[in-house]
>>> print(open('data24.cif').read())   # mmCIF, C-alpha atoms; chains and numbers go by the auth columns
data_work
#
loop_
_atom_site.group_PDB
_atom_site.id
_atom_site.type_symbol
_atom_site.label_atom_id
_atom_site.label_comp_id
_atom_site.label_asym_id
_atom_site.label_seq_id
_atom_site.Cartn_x
_atom_site.Cartn_y
_atom_site.Cartn_z
_atom_site.B_iso_or_equiv
_atom_site.auth_seq_id
_atom_site.auth_asym_id
ATOM 1 C CA MET A 1 101.793 65.368 13.340 0.00 520 A
ATOM 2 C CA SER A 2 105.571 65.550 13.164 0.00 521 A
ATOM 3 C CA ASN A 3 107.580 63.661 10.563 0.00 522 A
ATOM 4 C CA SER A 4 109.205 61.480 13.224 0.00 523 A
ATOM 5 C CA THR A 5 105.869 59.774 13.961 0.00 524 A
ATOM 6 C CA HIS A 6 104.653 59.636 10.359 0.00 525 A
ATOM 7 C CA PHE A 7 104.458 56.256 8.741 0.00 526 A
ATOM 8 C CA ASP A 8 102.126 54.539 6.319 0.00 527 A
ATOM 9 C CA ILE A 9 101.214 50.929 5.863 0.00 528 A
ATOM 10 C CA PRO A 10 102.660 49.799 2.511 0.00 529 A
ATOM 11 C CA LEU A 11 100.069 49.994 -0.253 0.00 530 A
ATOM 12 C CA ASN A 12 100.769 46.431 -1.394 0.00 531 A
ATOM 13 C CA VAL A 13 99.842 45.166 2.084 0.00 532 A
ATOM 14 C CA ILE A 14 96.562 47.095 2.019 0.00 533 A
ATOM 15 C CA THR A 15 95.864 45.869 -1.521 0.00 534 A
ATOM 16 C CA LYS A 16 96.435 42.257 -0.471 0.00 535 A
ATOM 17 C CA ILE A 17 94.111 42.576 2.528 0.00 536 A
ATOM 18 C CA ILE A 18 91.416 44.194 0.380 0.00 537 A
ATOM 19 C CA SER A 19 91.709 41.549 -2.345 0.00 538 A
ATOM 20 C CA GLU A 20 91.278 38.797 0.248 0.00 539 A
ATOM 21 C CA ALA A 21 88.275 40.532 1.814 0.00 540 A
ATOM 22 C CA ILE A 22 86.130 41.483 -1.184 0.00 541 A
ATOM 23 C CA PRO A 23 84.794 39.588 -4.210 0.00 542 A
ATOM 24 C CA ASP A 24 87.008 39.494 -7.302 0.00 543 A
ATOM 25 C CA GLU A 25 84.479 41.343 -9.473 0.00 544 A
ATOM 26 C CA LEU A 26 84.704 44.519 -7.360 0.00 545 A
ATOM 27 C CA GLU A 27 87.162 47.179 -8.442 0.00 546 A
ATOM 28 C CA VAL A 28 88.995 49.297 -5.890 0.00 547 A
ATOM 29 C CA HIS A 29 90.452 52.658 -6.896 0.00 548 A
ATOM 30 C CA ASP A 30 93.971 53.704 -5.961 0.00 549 A
ATOM 31 C CA ASP A 31 92.677 56.696 -3.987 0.00 550 A
ATOM 32 C CA PHE A 32 90.688 54.362 -1.749 0.00 551 A
ATOM 33 C CA ILE A 33 93.741 52.183 -1.118 0.00 552 A
ATOM 34 C CA LYS A 34 95.825 55.256 -0.224 0.00 553 A
ATOM 35 C CA ALA A 35 93.108 56.581 2.098 0.00 554 A
ATOM 36 C CA LEU A 36 92.732 53.209 3.795 0.00 555 A
ATOM 37 C CA SER A 37 96.502 52.974 4.244 0.00 556 A
ATOM 38 C CA ARG A 38 96.565 56.374 5.916 0.00 557 A
ATOM 39 C CA ALA A 39 93.549 55.590 8.112 0.00 558 A
ATOM 40 C CA THR A 40 95.134 52.306 9.183 0.00 559 A
ATOM 41 C CA SER A 41 98.381 54.071 10.022 0.00 560 A
ATOM 42 C CA LEU A 42 96.567 56.678 12.109 0.00 561 A
ATOM 43 C CA PHE A 43 94.612 53.989 13.955 0.00 562 A
ATOM 44 C CA ILE A 44 97.844 52.178 14.800 0.00 563 A
ATOM 45 C CA LEU A 45 99.522 55.398 15.946 0.00 564 A
ATOM 46 C CA TYR A 46 96.596 56.467 18.130 0.00 565 A
ATOM 47 C CA SER A 47 96.105 53.037 19.675 0.00 566 A
ATOM 48 C CA THR A 48 99.814 52.504 20.408 0.00 567 A
ATOM 49 C CA THR A 49 100.090 55.997 21.878 0.00 568 A
ATOM 50 C CA ARG A 50 97.131 55.276 24.138 0.00 569 A
ATOM 51 C CA ALA A 51 98.549 51.845 25.092 0.00 570 A
ATOM 52 C CA ASN A 52 101.809 53.585 26.010 0.00 571 A
ATOM 53 C CA GLN A 53 99.856 55.990 28.207 0.00 572 A
ATOM 54 C CA VAL A 54 98.113 53.069 29.934 0.00 573 A
ATOM 55 C CA ALA A 55 101.483 51.448 30.652 0.00 574 A
ATOM 56 C CA SER A 56 102.848 54.754 31.992 0.00 575 A
ATOM 57 C CA GLU A 57 99.801 55.181 34.231 0.00 576 A
ATOM 58 C CA ASN A 58 100.695 51.782 35.702 0.00 577 A
ATOM 59 C CA SER A 59 104.331 52.856 36.226 0.00 578 A
ATOM 60 C CA ARG A 60 105.659 50.621 33.466 0.00 579 A
ATOM 61 C CA ARG A 61 107.744 51.316 30.401 0.00 580 A
ATOM 62 C CA SER A 62 106.754 48.074 28.665 0.00 581 A
ATOM 63 C CA VAL A 63 103.409 47.752 26.911 0.00 582 A
ATOM 64 C CA TYR A 64 101.529 44.509 27.520 0.00 583 A
ATOM 65 C CA SER A 65 98.600 43.009 25.658 0.00 584 A
ATOM 66 C CA GLN A 66 96.194 44.176 28.378 0.00 585 A
ATOM 67 C CA ASP A 67 97.395 47.754 27.803 0.00 586 A
ATOM 68 C CA VAL A 68 96.521 47.450 24.119 0.00 587 A
ATOM 69 C CA LEU A 69 93.064 46.059 24.938 0.00 588 A
ATOM 70 C CA THR A 70 92.454 48.878 27.417 0.00 589 A
ATOM 71 C CA ALA A 71 93.582 51.422 24.826 0.00 590 A
ATOM 72 C CA ILE A 72 91.308 49.997 22.128 0.00 591 A
ATOM 73 C CA SER A 73 88.394 50.086 24.550 0.00 592 A
ATOM 74 C CA SER A 74 89.112 53.653 25.689 0.00 593 A
ATOM 75 C CA LEU A 75 89.185 54.782 22.050 0.00 594 A
ATOM 76 C CA GLY A 76 85.637 53.458 21.613 0.00 595 A
ATOM 77 C CA PHE A 77 86.387 50.261 19.722 0.00 596 A
ATOM 78 C CA ASP A 78 84.927 47.798 22.242 0.00 597 A
ATOM 79 C CA HIS A 79 83.404 45.784 19.403 0.00 598 A
ATOM 80 C CA LEU A 80 86.949 44.776 18.347 0.00 599 A
ATOM 81 C CA LEU A 81 87.884 43.292 21.728 0.00 600 A
ATOM 82 C CA PRO A 82 86.489 39.752 21.242 0.00 601 A
ATOM 83 C CA ASN A 83 88.404 39.316 17.964 0.00 602 A
ATOM 84 C CA LEU A 84 91.588 40.801 19.423 0.00 603 A
ATOM 85 C CA ILE A 85 91.413 38.508 22.444 0.00 604 A
ATOM 86 C CA ASN A 86 90.805 35.504 20.179 0.00 605 A
ATOM 87 C CA TRP A 87 93.695 36.417 17.841 0.00 606 A
ATOM 88 C CA HIS A 88 96.000 36.988 20.805 0.00 607 A
ATOM 89 C CA SER A 89 95.104 33.569 22.236 0.00 608 A
ATOM 90 C CA MET A 90 95.795 31.896 18.890 0.00 609 A
ATOM 91 C CA TYR A 91 99.102 33.755 18.593 0.00 610 A
ATOM 92 C CA MET A 92 100.186 32.685 22.075 0.00 611 A
ATOM 93 C CA GLU A 93 99.284 29.055 21.317 0.00 612 A
ATOM 94 C CA GLU A 94 101.280 29.168 18.068 0.00 613 A
ATOM 95 C CA GLU A 95 104.269 30.683 19.868 0.00 614 A
ATOM 96 C CA GLU A 96 104.112 28.022 22.574 0.00 615 A
ATOM 97 C CA SER A 97 103.886 25.300 19.928 0.00 616 A
ATOM 98 C CA ARG A 98 106.818 26.772 18.032 0.00 617 A
ATOM 99 C CA LYS A 99 108.920 26.978 21.195 0.00 618 A
ATOM 100 C CA SER A 100 108.135 23.407 22.203 0.00 619 A
ATOM 101 C CA LYS A 101 109.005 22.138 18.701 0.00 620 A
ATOM 102 C CA LYS A 102 112.283 24.035 18.823 0.00 621 A
ATOM 103 C CA LYS A 103 113.025 22.644 22.273 0.00 622 A
ATOM 104 C CA LYS A 104 112.276 19.093 21.095 0.00 623 A
ATOM 105 C CA SER A 105 114.477 19.655 18.059 0.00 624 A
ATOM 106 C CA ASN A 106 117.338 20.877 20.244 0.00 625 A
ATOM 107 C CA ASN A 107 116.936 17.899 22.567 0.00 626 A
ATOM 108 C CA SER A 108 116.963 15.432 19.675 0.00 627 A
ATOM 109 C CA ASP A 109 120.061 17.124 18.225 0.00 628 A
ATOM 110 C CA GLU A 110 121.829 16.686 21.547 0.00 629 A
ATOM 111 C CA THR A 111 121.010 12.982 21.665 0.00 630 A
ATOM 112 C CA ASP A 112 122.057 12.558 18.036 0.00 631 A
ATOM 113 C CA GLU A 113 125.444 14.128 18.725 0.00 632 A
ATOM 114 C CA LYS A 114 126.487 11.594 21.372 0.00 633 A
ATOM 115 C CA PRO A 115 129.627 9.725 20.405 0.00 634 A
ATOM 116 C CA ASP A 116 129.018 6.261 19.076 0.00 635 A
ATOM 117 C CA PHE A 117 131.346 4.019 21.063 0.00 636 A
ATOM 118 C CA GLN A 118 131.123 0.985 23.273 0.00 637 A
ATOM 119 C CA VAL A 119 132.616 0.480 26.689 0.00 638 A
ATOM 120 C CA GLU A 120 134.218 -2.938 27.185 0.00 639 A
#
>>> encode(input="data24.cif", output="structure tokens")
Amino acid sequence: MSNSTHFDIPLNVITKIISEAIPDELEVHDDFIKALSRATSLFILYSTTRANQVASENSRRSVYSQDVLTAISSLGFDHLLPNLINWHSMYMEEEESRKSKKKKSNNSDETDEKPDFQVE
């Protein structure tokens, strides 16, 4: 793999995920954390490359969520699809909620900024 496509997930991120996933009494060695970081990075690279290929096959330059799901499935990770679909749905709901709150906030700011005067 060339250096331009090489990246690793930060070790502190991997450590945090591991510490949230396993009991406190288990000890994890640094070599395991480094290996998991590299494996995670490779998984992301392979799946995004495949998702890009799916988009290209459909004459698009943009990658959509369906492209990612198709890529994950084609790489043999069908068992991940239900969780990915669920997480994507939750993300979209959170984004919609955030946008509507922002819109409401902007609307209330506009009404608050009206000049306070009376017409006689």
>>> residues_around(input="data24.cif", residues="A:Val582", least_positions_apart="4", cutoff="12 Å", atoms="all atoms listed in the file", output="VMD selection string")
chain A and resid 566 to 578 586 to 590
>>> axis_aligned_box(input="data24.cif", around="stretch 534-549 of chain A", padding_each_side="3 Å", output="lines of an AutoDock Vina configuration file")
center_x = 90.5
center_y = 46.3
center_z = -3.5
size_x = 18.0
size_y = 20.9
size_z = 18.0
>>> closest_residue(input="data24.cif", among="A:Ser584, A:Thr534, A:Ser592, A:Asn625", to="A:Ser608", atoms="only C-alpha atoms")
A:Ser584
>>> atom_distance(input="data24.cif", atom1="atom CA of A:Tyr583", atom2="atom CA of A:Asp527")
23.5 Å
>>> atom_distance(input="data24.cif", atom1="atom CA of A:Ser560", atom2="atom CA of A:Phe526")
6.6 Å
>>> resolve_selection(input="data24.cif", expression="the PyMOL selection byres ((chain A and resi 603) around 12)", output="MDAnalysis selection string")
chainID A and resid 584:585 587:589 591:592 596:602 604:610
>>> resolve_selection(input="data24.cif", expression="the PyMOL selection byres ((chain A and resi 555) around 12)", output="list in words")
Asp527, Ile528, Pro529, Leu530, Asn531, Val532, Ile533, Thr534, Ile536, Ile537, Val547, His548, Asp549, Asp550, Phe551, Ile552, Lys553, Ala554, Ser556, Arg557, Ala558, Thr559, Ser560, Leu561 and Phe562 of chain A
>>> atom_distance(input="data24.cif", atom1="atom CA of A:Leu594", atom2="atom CA of A:Ser581")
19.9 Å
>>> decode(input="data24.cif", residues="stretch 533-576 of chain A", atoms="N, CA and C atoms", output="PDB file, in the first residue's frame")
ATOM      1  N   ILE A 533      -8.911   3.898  19.901  1.00  0.00           N
ATOM      2  CA  ILE A 533      -9.046   2.445  20.040  1.00  0.00           C
ATOM      3  C   ILE A 533      -9.080   2.059  21.516  1.00  0.00           C
ATOM      4  N   THR A 534      -8.216   2.655  22.312  1.00  0.00           N
ATOM      5  CA  THR A 534      -8.167   2.362  23.747  1.00  0.00           C
ATOM      6  C   THR A 534      -9.491   2.707  24.412  1.00  0.00           C
ATOM      7  N   LYS A 535     -10.071   3.830  24.048  1.00  0.00           N
ATOM      8  CA  LYS A 535     -11.355   4.242  24.630  1.00  0.00           C
ATOM      9  C   LYS A 535     -12.467   3.259  24.260  1.00  0.00           C
ATOM     10  N   ILE A 536     -12.506   2.853  22.999  1.00  0.00           N
ATOM     11  CA  ILE A 536     -13.522   1.895  22.559  1.00  0.00           C
ATOM     12  C   ILE A 536     -13.358   0.572  23.294  1.00  0.00           C
ATOM     13  N   ILE A 537     -12.125   0.103  23.418  1.00  0.00           N
ATOM     14  CA  ILE A 537     -11.865  -1.157  24.122  1.00  0.00           C
ATOM     15  C   ILE A 537     -12.287  -1.045  25.581  1.00  0.00           C
ATOM     16  N   SER A 538     -11.923   0.052  26.234  1.00  0.00           N
ATOM     17  CA  SER A 538     -12.239   0.196  27.663  1.00  0.00           C
ATOM     18  C   SER A 538     -13.741   0.255  27.909  1.00  0.00           C
ATOM     19  N   GLU A 539     -14.498   0.753  26.933  1.00  0.00           N
ATOM     20  CA  GLU A 539     -15.953   0.781  27.072  1.00  0.00           C
ATOM     21  C   GLU A 539     -16.582  -0.574  26.771  1.00  0.00           C
ATOM     22  N   ALA A 540     -15.853  -1.435  26.052  1.00  0.00           N
ATOM     23  CA  ALA A 540     -16.422  -2.697  25.602  1.00  0.00           C
ATOM     24  C   ALA A 540     -16.095  -3.892  26.489  1.00  0.00           C
ATOM     25  N   ILE A 541     -15.027  -3.806  27.279  1.00  0.00           N
ATOM     26  CA  ILE A 541     -14.623  -4.963  28.077  1.00  0.00           C
ATOM     27  C   ILE A 541     -14.667  -4.619  29.562  1.00  0.00           C
ATOM     28  N   PRO A 542     -14.745  -5.643  30.410  1.00  0.00           N
ATOM     29  CA  PRO A 542     -14.740  -5.394  31.862  1.00  0.00           C
ATOM     30  C   PRO A 542     -13.443  -4.739  32.321  1.00  0.00           C
ATOM     31  N   ASP A 543     -13.532  -3.973  33.391  1.00  0.00           N
ATOM     32  CA  ASP A 543     -12.380  -3.231  33.917  1.00  0.00           C
ATOM     33  C   ASP A 543     -11.231  -4.137  34.357  1.00  0.00           C
ATOM     34  N   GLU A 544     -11.539  -5.352  34.808  1.00  0.00           N
ATOM     35  CA  GLU A 544     -10.484  -6.217  35.339  1.00  0.00           C
ATOM     36  C   GLU A 544      -9.620  -6.856  34.244  1.00  0.00           C
ATOM     37  N   LEU A 545     -10.010  -6.733  32.988  1.00  0.00           N
ATOM     38  CA  LEU A 545      -9.200  -7.277  31.900  1.00  0.00           C
ATOM     39  C   LEU A 545      -8.119  -6.283  31.497  1.00  0.00           C
ATOM     40  N   GLU A 546      -6.935  -6.822  31.239  1.00  0.00           N
ATOM     41  CA  GLU A 546      -5.813  -5.993  30.816  1.00  0.00           C
ATOM     42  C   GLU A 546      -5.572  -6.201  29.322  1.00  0.00           C
ATOM     43  N   VAL A 547      -5.350  -5.120  28.624  1.00  0.00           N
ATOM     44  CA  VAL A 547      -5.106  -5.177  27.184  1.00  0.00           C
ATOM     45  C   VAL A 547      -3.696  -4.667  26.919  1.00  0.00           C
ATOM     46  N   HIS A 548      -2.916  -5.458  26.200  1.00  0.00           N
ATOM     47  CA  HIS A 548      -1.528  -5.088  25.912  1.00  0.00           C
ATOM     48  C   HIS A 548      -1.458  -4.082  24.771  1.00  0.00           C
ATOM     49  N   ASP A 549      -0.409  -3.293  24.778  1.00  0.00           N
ATOM     50  CA  ASP A 549      -0.210  -2.261  23.761  1.00  0.00           C
ATOM     51  C   ASP A 549      -0.141  -2.845  22.351  1.00  0.00           C
ATOM     52  N   ASP A 550       0.463  -4.026  22.212  1.00  0.00           N
ATOM     53  CA  ASP A 550       0.558  -4.652  20.894  1.00  0.00           C
ATOM     54  C   ASP A 550      -0.824  -4.952  20.322  1.00  0.00           C
ATOM     55  N   PHE A 551      -1.740  -5.373  21.192  1.00  0.00           N
ATOM     56  CA  PHE A 551      -3.100  -5.657  20.749  1.00  0.00           C
ATOM     57  C   PHE A 551      -3.781  -4.381  20.272  1.00  0.00           C
ATOM     58  N   ILE A 552      -3.601  -3.302  21.010  1.00  0.00           N
ATOM     59  CA  ILE A 552      -4.211  -2.021  20.637  1.00  0.00           C
ATOM     60  C   ILE A 552      -3.669  -1.554  19.290  1.00  0.00           C
ATOM     61  N   LYS A 553      -2.361  -1.686  19.086  1.00  0.00           N
ATOM     62  CA  LYS A 553      -1.751  -1.294  17.807  1.00  0.00           C
ATOM     63  C   LYS A 553      -2.273  -2.162  16.661  1.00  0.00           C
ATOM     64  N   ALA A 554      -2.385  -3.463  16.896  1.00  0.00           N
ATOM     65  CA  ALA A 554      -2.881  -4.371  15.862  1.00  0.00           C
ATOM     66  C   ALA A 554      -4.337  -4.067  15.525  1.00  0.00           C
ATOM     67  N   LEU A 555      -5.135  -3.796  16.546  1.00  0.00           N
ATOM     68  CA  LEU A 555      -6.539  -3.475  16.316  1.00  0.00           C
ATOM     69  C   LEU A 555      -6.684  -2.151  15.570  1.00  0.00           C
ATOM     70  N   SER A 556      -5.838  -1.191  15.884  1.00  0.00           N
ATOM     71  CA  SER A 556      -5.846   0.086  15.170  1.00  0.00           C
ATOM     72  C   SER A 556      -5.548  -0.123  13.690  1.00  0.00           C
ATOM     73  N   ARG A 557      -4.557  -0.934  13.414  1.00  0.00           N
ATOM     74  CA  ARG A 557      -4.188  -1.199  12.015  1.00  0.00           C
ATOM     75  C   ARG A 557      -5.290  -1.963  11.298  1.00  0.00           C
ATOM     76  N   ALA A 558      -5.867  -2.966  11.955  1.00  0.00           N
ATOM     77  CA  ALA A 558      -6.946  -3.743  11.342  1.00  0.00           C
ATOM     78  C   ALA A 558      -8.159  -2.859  11.058  1.00  0.00           C
ATOM     79  N   THR A 559      -8.473  -1.976  11.982  1.00  0.00           N
ATOM     80  CA  THR A 559      -9.591  -1.053  11.796  1.00  0.00           C
ATOM     81  C   THR A 559      -9.333  -0.132  10.613  1.00  0.00           C
ATOM     82  N   SER A 560      -8.120   0.369  10.527  1.00  0.00           N
ATOM     83  CA  SER A 560      -7.751   1.250   9.414  1.00  0.00           C
ATOM     84  C   SER A 560      -7.879   0.530   8.073  1.00  0.00           C
ATOM     85  N   LEU A 561      -7.400  -0.706   8.020  1.00  0.00           N
ATOM     86  CA  LEU A 561      -7.497  -1.476   6.779  1.00  0.00           C
ATOM     87  C   LEU A 561      -8.947  -1.745   6.404  1.00  0.00           C
ATOM     88  N   PHE A 562      -9.772  -2.069   7.394  1.00  0.00           N
ATOM     89  CA  PHE A 562     -11.192  -2.304   7.131  1.00  0.00           C
ATOM     90  C   PHE A 562     -11.834  -1.052   6.539  1.00  0.00           C
ATOM     91  N   ILE A 563     -11.529   0.096   7.111  1.00  0.00           N
ATOM     92  CA  ILE A 563     -12.090   1.352   6.610  1.00  0.00           C
ATOM     93  C   ILE A 563     -11.604   1.624   5.187  1.00  0.00           C
ATOM     94  N   LEU A 564     -10.318   1.417   4.943  1.00  0.00           N
ATOM     95  CA  LEU A 564      -9.784   1.641   3.594  1.00  0.00           C
ATOM     96  C   LEU A 564     -10.417   0.707   2.565  1.00  0.00           C
ATOM     97  N   TYR A 565     -10.507  -0.579   2.884  1.00  0.00           N
ATOM     98  CA  TYR A 565     -11.093  -1.528   1.945  1.00  0.00           C
ATOM     99  C   TYR A 565     -12.566  -1.229   1.697  1.00  0.00           C
ATOM    100  N   SER A 566     -13.308  -0.945   2.757  1.00  0.00           N
ATOM    101  CA  SER A 566     -14.743  -0.712   2.581  1.00  0.00           C
ATOM    102  C   SER A 566     -15.020   0.599   1.844  1.00  0.00           C
ATOM    103  N   THR A 567     -14.239   1.644   2.103  1.00  0.00           N
ATOM    104  CA  THR A 567     -14.459   2.898   1.372  1.00  0.00           C
ATOM    105  C   THR A 567     -14.020   2.778  -0.088  1.00  0.00           C
ATOM    106  N   THR A 568     -12.964   2.013  -0.330  1.00  0.00           N
ATOM    107  CA  THR A 568     -12.550   1.780  -1.716  1.00  0.00           C
ATOM    108  C   THR A 568     -13.640   1.047  -2.473  1.00  0.00           C
ATOM    109  N   ARG A 569     -14.200   0.025  -1.842  1.00  0.00           N
ATOM    110  CA  ARG A 569     -15.279  -0.738  -2.489  1.00  0.00           C
ATOM    111  C   ARG A 569     -16.520   0.132  -2.670  1.00  0.00           C
ATOM    112  N   ALA A 570     -16.865   0.960  -1.696  1.00  0.00           N
ATOM    113  CA  ALA A 570     -18.020   1.858  -1.823  1.00  0.00           C
ATOM    114  C   ALA A 570     -17.801   2.841  -2.971  1.00  0.00           C
ATOM    115  N   ASN A 571     -16.578   3.305  -3.131  1.00  0.00           N
ATOM    116  CA  ASN A 571     -16.241   4.180  -4.260  1.00  0.00           C
ATOM    117  C   ASN A 571     -16.448   3.462  -5.584  1.00  0.00           C
ATOM    118  N   GLN A 572     -16.056   2.192  -5.635  1.00  0.00           N
ATOM    119  CA  GLN A 572     -16.245   1.400  -6.846  1.00  0.00           C
ATOM    120  C   GLN A 572     -17.727   1.242  -7.162  1.00  0.00           C
ATOM    121  N   VAL A 573     -18.539   1.001  -6.136  1.00  0.00           N
ATOM    122  CA  VAL A 573     -19.986   0.860  -6.326  1.00  0.00           C
ATOM    123  C   VAL A 573     -20.560   2.150  -6.898  1.00  0.00           C
ATOM    124  N   ALA A 574     -20.151   3.285  -6.361  1.00  0.00           N
ATOM    125  CA  ALA A 574     -20.625   4.573  -6.875  1.00  0.00           C
ATOM    126  C   ALA A 574     -20.198   4.755  -8.330  1.00  0.00           C
ATOM    127  N   SER A 575     -18.954   4.413  -8.642  1.00  0.00           N
ATOM    128  CA  SER A 575     -18.458   4.536 -10.020  1.00  0.00           C
ATOM    129  C   SER A 575     -19.230   3.635 -10.974  1.00  0.00           C
ATOM    130  N   GLU A 576     -19.548   2.426 -10.525  1.00  0.00           N
ATOM    131  CA  GLU A 576     -20.324   1.499 -11.351  1.00  0.00           C
ATOM    132  C   GLU A 576     -21.706   2.061 -11.658  1.00  0.00           C
TER     133      GLU A 576
END
